[in-house]
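Undergrad: Encoded as structure tokens, here's the structure I'll be asking about.
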Amino acid sequence: MQAAQLSGTYLLKNRARPKTIDIQKAHDLKLSIDRFSERRIVQYLKKHSPFAILSEEAGMLKGKDEEFYWVVDPLDGTINYFHQIPLSCVSIALCRGEHPVLGVIYDFNRNELFTGLADKGANLNGRRIRASQTRHQRQAILATGFPGQTALSAKNLSTFCQYVKTYKKVRLLGTAALSMAYVACGRLDAYIEKDIMFWDVAAGIAIVQAAGGKIQIEPTKQDYGFNVRAQNGFLGT
């Protein structure tokens, strides 16, 4: 929590300032501030924890105890942040293998801190949260997105449209971590995305499960890539 807030305070302070683009892609970009945010988190975790760290920018950093490891996304929703759209966050998870057991998502724009610990429950700013109780897909609000590596072919888009029209409403927030946090607290009923990276969703997985939601994940061919579905405990699959 302290590491996420430390980084989030830095990101909020610099939100309106000019930003340096490190990498420009067709459907994505990387900012220098991603690395600066990550550096603050990694330094804090190394100082206070013996665990290894998997970070979006630096990869896997070894620790003294490698049974558990941290997964760090220093800025989820980078394009939103770049354009000053207030939908971005810091995401940190503690994992054992591919199983997140603890998650922290800090929405520094709203000062909302989502936390979840396996078998202990989930909280928003210290208050208990639960996933929604919506039971029917036609009444549910779905969040989804298109990762930068997704092939936006006519066939894929047609399949996507056929699927999402079975929900009442669809939202694309531009941040996987916040989408999952919103499932955990009941603002959304479900989130689904293909070809998403583990650091984008690791904390969200822990928080949704701690809030009584369900998770389905399957690895893709890409390193650390997954197809992810998160939803409340009542919706069908």
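Residues in the structure tokens are numbered from 1 in each chain, the chains being A, B, ... in the order shown, and ligands are numbered from 1 in the order shown.
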Using backbone DSSP assignments, extract all strand (DSSP E) residues from range 133-214 of chain A; output them as a list in words.
TA: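 Answer for range 133-214 of chain A, restricted to strand (DSSP E): Ile141, Leu142, Ala143, Lys169, Val170, Arg171, Ala190, Tyr191, Ile192, Glu193, Lys194, Asp195, Ile196, Met197 and Lys214 of chain A.
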Undergrad: I need the residues from that last selection saved to file as a compact mmCIF listing (two decimals), in the first residue's frame (with N, CA, C and O atoms), if you can.
TA:
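Saved the output as result29.txt:
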```
# COMPACT_ATOMS: atom_id res chain seq x y z
N ILE A 141 -23.20 -5.12 -16.60
CA ILE A 141 -22.29 -4.17 -17.26
C ILE A 141 -20.93 -4.82 -17.39
O ILE A 141 -20.33 -5.24 -16.40
N LEU A 142 -20.45 -4.88 -18.61
CA LEU A 142 -19.18 -5.53 -18.94
C LEU A 142 -18.11 -4.49 -19.26
O LEU A 142 -18.37 -3.54 -20.00
N ALA A 143 -16.93 -4.68 -18.72
CA ALA A 143 -15.77 -3.90 -19.13
C ALA A 143 -14.86 -4.77 -19.97
O ALA A 143 -14.70 -5.96 -19.70
N LYS A 169 -24.75 -3.22 -20.99
CA LYS A 169 -23.88 -2.12 -21.39
C LYS A 169 -22.44 -2.61 -21.44
O LYS A 169 -22.07 -3.56 -20.75
N VAL A 170 -21.60 -1.92 -22.21
CA VAL A 170 -20.18 -2.24 -22.33
C VAL A 170 -19.37 -0.99 -22.08
O VAL A 170 -19.72 0.09 -22.59
N ARG A 171 -18.30 -1.11 -21.32
CA ARG A 171 -17.43 0.01 -21.02
C ARG A 171 -15.98 -0.36 -21.34
O ARG A 171 -15.53 -1.45 -20.99
N ALA A 190 -18.64 -7.51 -14.75
CA ALA A 190 -17.71 -8.44 -15.38
C ALA A 190 -16.66 -7.67 -16.17
O ALA A 190 -16.87 -6.53 -16.58
N TYR A 191 -15.54 -8.34 -16.36
CA TYR A 191 -14.45 -7.81 -17.19
C TYR A 191 -13.86 -8.97 -17.96
O TYR A 191 -13.61 -10.05 -17.40
N ILE A 192 -13.65 -8.78 -19.25
CA ILE A 192 -13.03 -9.81 -20.07
C ILE A 192 -12.08 -9.16 -21.06
O ILE A 192 -12.37 -8.10 -21.62
N GLU A 193 -10.91 -9.77 -21.23
CA GLU A 193 -9.93 -9.25 -22.20
C GLU A 193 -8.98 -10.36 -22.60
O GLU A 193 -8.59 -11.18 -21.79
N LYS A 194 -8.63 -10.35 -23.89
CA LYS A 194 -7.70 -11.33 -24.42
C LYS A 194 -6.33 -10.69 -24.61
O LYS A 194 -6.20 -9.49 -24.83
N ASP A 195 -5.30 -11.55 -24.53
CA ASP A 195 -3.92 -11.12 -24.80
C ASP A 195 -3.48 -10.00 -23.88
O ASP A 195 -2.74 -9.10 -24.29
N ILE A 196 -3.91 -10.05 -22.63
CA ILE A 196 -3.51 -9.04 -21.66
C ILE A 196 -2.29 -9.56 -20.90
O ILE A 196 -2.09 -10.77 -20.75
N MET A 197 -1.47 -8.66 -20.42
CA MET A 197 -0.25 -9.04 -19.74
C MET A 197 -0.51 -9.26 -18.24
O MET A 197 -1.38 -8.64 -17.65
N LYS A 214 -15.33 -14.30 -9.33
CA LYS A 214 -14.73 -15.47 -9.96
C LYS A 214 -13.75 -15.03 -11.05
O LYS A 214 -13.96 -14.03 -11.72
```
Undergrad: Apply DSSP to the backbone of this structure and, from range 23-90 of chain A, keep only the residues in helix (DSSP H, G or I); write these as a count of residues only.
TA: 22
Undergrad: Which one is closest to Asp73 in chain A: A:Ala122, A:Val164, A:Leu29, A:Val201? Count only C-alpha atoms.
TA: A:Val201
Undergrad: Fewer than 2 positions away in the same chain doesn't count, so skip those; otherwise give me all residues within 10 Å of Val104 in chain A, counting only C-alpha atoms, as a count of residues only.
TA: 29
Undergrad: What's around range 32-41 of chain A at 6 Å? Count only C-alpha atoms, leave out sequence neighbours fewer than 5 positions away in its own chain, and write the answer as a ChimeraX atom specification.
TA: /A:3,7,20,22,74-75
Undergrad: Using only C-alpha atoms, which residue out of A:Arg135, A:Lys64, A:Arg187, A:His83 lies closest to Lys47 in chain A?
TA: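 Closest candidate: A:Lys64.
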Undergrad: Using only C-alpha atoms, determine which residues lie at most 12 Å from Asp65 in chain A, disregarding the query and same-chain residues fewer than 4 positions distant; provide the list as a list of chain:residue names.
TA: A:Lys46, A:Ser49, A:Pro50, A:Phe51, A:Ala52, A:Ile53, A:Leu61, A:Tyr69, A:Trp70, A:Arg96
Undergrad: Go ahead and write the residues just picked, all heavy atoms, as a CSV table (one decimal), in the first residue's frame.
TA:
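Output file selection.csv is given in full below:
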```
chain,number,residue,atom,x,y,z
A,46,LYS,N,12.3,-3.6,-2.5
A,46,LYS,CA,13.6,-4.2,-2.2
A,46,LYS,C,14.0,-3.9,-0.8
A,46,LYS,O,14.6,-4.7,-0.1
A,46,LYS,CB,14.6,-3.7,-3.2
A,46,LYS,CG,14.6,-4.4,-4.6
A,46,LYS,CD,15.8,-4.0,-5.4
A,46,LYS,CE,15.9,-4.8,-6.7
A,46,LYS,NZ,17.0,-4.3,-7.5
A,49,SER,N,11.3,-5.9,1.6
A,49,SER,CA,10.8,-7.3,1.3
A,49,SER,C,11.9,-8.1,0.7
A,49,SER,O,12.7,-7.6,0.0
A,49,SER,CB,9.6,-7.2,0.4
A,49,SER,OG,9.4,-8.5,-0.2
A,50,PRO,N,12.0,-9.4,1.0
A,50,PRO,CA,13.0,-10.3,0.5
A,50,PRO,C,12.6,-11.0,-0.9
A,50,PRO,O,13.3,-11.7,-1.4
A,50,PRO,CB,13.1,-11.4,1.5
A,50,PRO,CG,11.7,-11.5,2.1
A,50,PRO,CD,11.2,-10.1,2.1
A,51,PHE,N,11.4,-10.7,-1.3
A,51,PHE,CA,10.8,-11.4,-2.5
A,51,PHE,C,11.4,-10.9,-3.8
A,51,PHE,O,11.7,-9.7,-3.9
A,51,PHE,CB,9.3,-11.3,-2.5
A,51,PHE,CG,8.7,-11.9,-1.2
A,51,PHE,CD1,7.7,-11.1,-0.6
A,51,PHE,CD2,9.1,-13.1,-0.7
A,51,PHE,CE1,7.1,-11.6,0.6
A,51,PHE,CE2,8.5,-13.6,0.4
A,51,PHE,CZ,7.5,-12.8,1.1
A,52,ALA,N,11.4,-11.7,-4.8
A,52,ALA,CA,11.7,-11.3,-6.2
A,52,ALA,C,10.6,-10.4,-6.7
A,52,ALA,O,9.5,-10.3,-6.1
A,52,ALA,CB,11.8,-12.6,-7.1
A,53,ILE,N,10.9,-9.7,-7.8
A,53,ILE,CA,10.0,-8.7,-8.4
A,53,ILE,C,9.9,-8.9,-9.9
A,53,ILE,O,10.9,-8.9,-10.6
A,53,ILE,CB,10.4,-7.3,-8.0
A,53,ILE,CG1,10.6,-7.0,-6.5
A,53,ILE,CG2,9.5,-6.2,-8.7
A,53,ILE,CD1,11.2,-5.7,-6.2
A,61,LEU,N,13.3,-9.5,-11.4
A,61,LEU,CA,14.5,-9.1,-10.6
A,61,LEU,C,14.5,-10.1,-9.4
A,61,LEU,O,13.6,-10.3,-8.6
A,61,LEU,CB,14.3,-7.7,-10.0
A,61,LEU,CG,14.0,-6.6,-11.1
A,61,LEU,CD1,13.7,-5.3,-10.4
A,61,LEU,CD2,15.3,-6.5,-12.0
A,69,TYR,N,6.7,-13.7,-5.2
A,69,TYR,CA,7.3,-12.6,-5.9
A,69,TYR,C,6.2,-11.5,-6.2
A,69,TYR,O,5.0,-11.8,-6.3
A,69,TYR,CB,7.9,-13.1,-7.3
A,69,TYR,CG,6.9,-13.6,-8.3
A,69,TYR,CD1,6.4,-12.9,-9.3
A,69,TYR,CD2,6.5,-15.0,-8.2
A,69,TYR,CE1,5.4,-13.4,-10.2
A,69,TYR,CE2,5.5,-15.5,-9.0
A,69,TYR,CZ,5.1,-14.7,-10.1
A,69,TYR,OH,4.1,-15.3,-10.9
A,70,TRP,N,6.7,-10.3,-6.2
A,70,TRP,CA,5.9,-9.1,-6.5
A,70,TRP,C,5.7,-9.0,-8.0
A,70,TRP,O,6.6,-9.3,-8.8
A,70,TRP,CB,6.5,-7.9,-5.9
A,70,TRP,CG,6.7,-7.8,-4.5
A,70,TRP,CD1,7.8,-8.0,-3.8
A,70,TRP,CD2,5.7,-7.6,-3.5
A,70,TRP,NE1,7.6,-7.9,-2.4
A,70,TRP,CE2,6.3,-7.7,-2.2
A,70,TRP,CE3,4.3,-7.4,-3.5
A,70,TRP,CZ2,5.6,-7.5,-1.0
A,70,TRP,CZ3,3.6,-7.2,-2.3
A,70,TRP,CH2,4.2,-7.3,-1.1
A,96,ARG,N,2.3,-16.3,-5.8
A,96,ARG,CA,2.9,-17.6,-5.6
A,96,ARG,C,2.7,-18.4,-6.9
A,96,ARG,O,1.6,-18.8,-7.1
A,96,ARG,CB,2.4,-18.3,-4.4
A,96,ARG,CG,3.2,-19.6,-4.0
A,96,ARG,CD,2.6,-20.2,-2.7
A,96,ARG,NE,3.5,-21.2,-2.3
A,96,ARG,CZ,3.3,-21.9,-1.1
A,96,ARG,NH1,2.2,-21.6,-0.4
A,96,ARG,NH2,4.1,-22.9,-0.8
```
Undergrad: Which one is closest to Phe108 in chain A: A:Gln139, A:Leu54, A:Cys185, A:Gly77? Count only C-alpha atoms.
TA: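 Among the listed residues, A:Gly77 lies closest to Phe108 in chain A.
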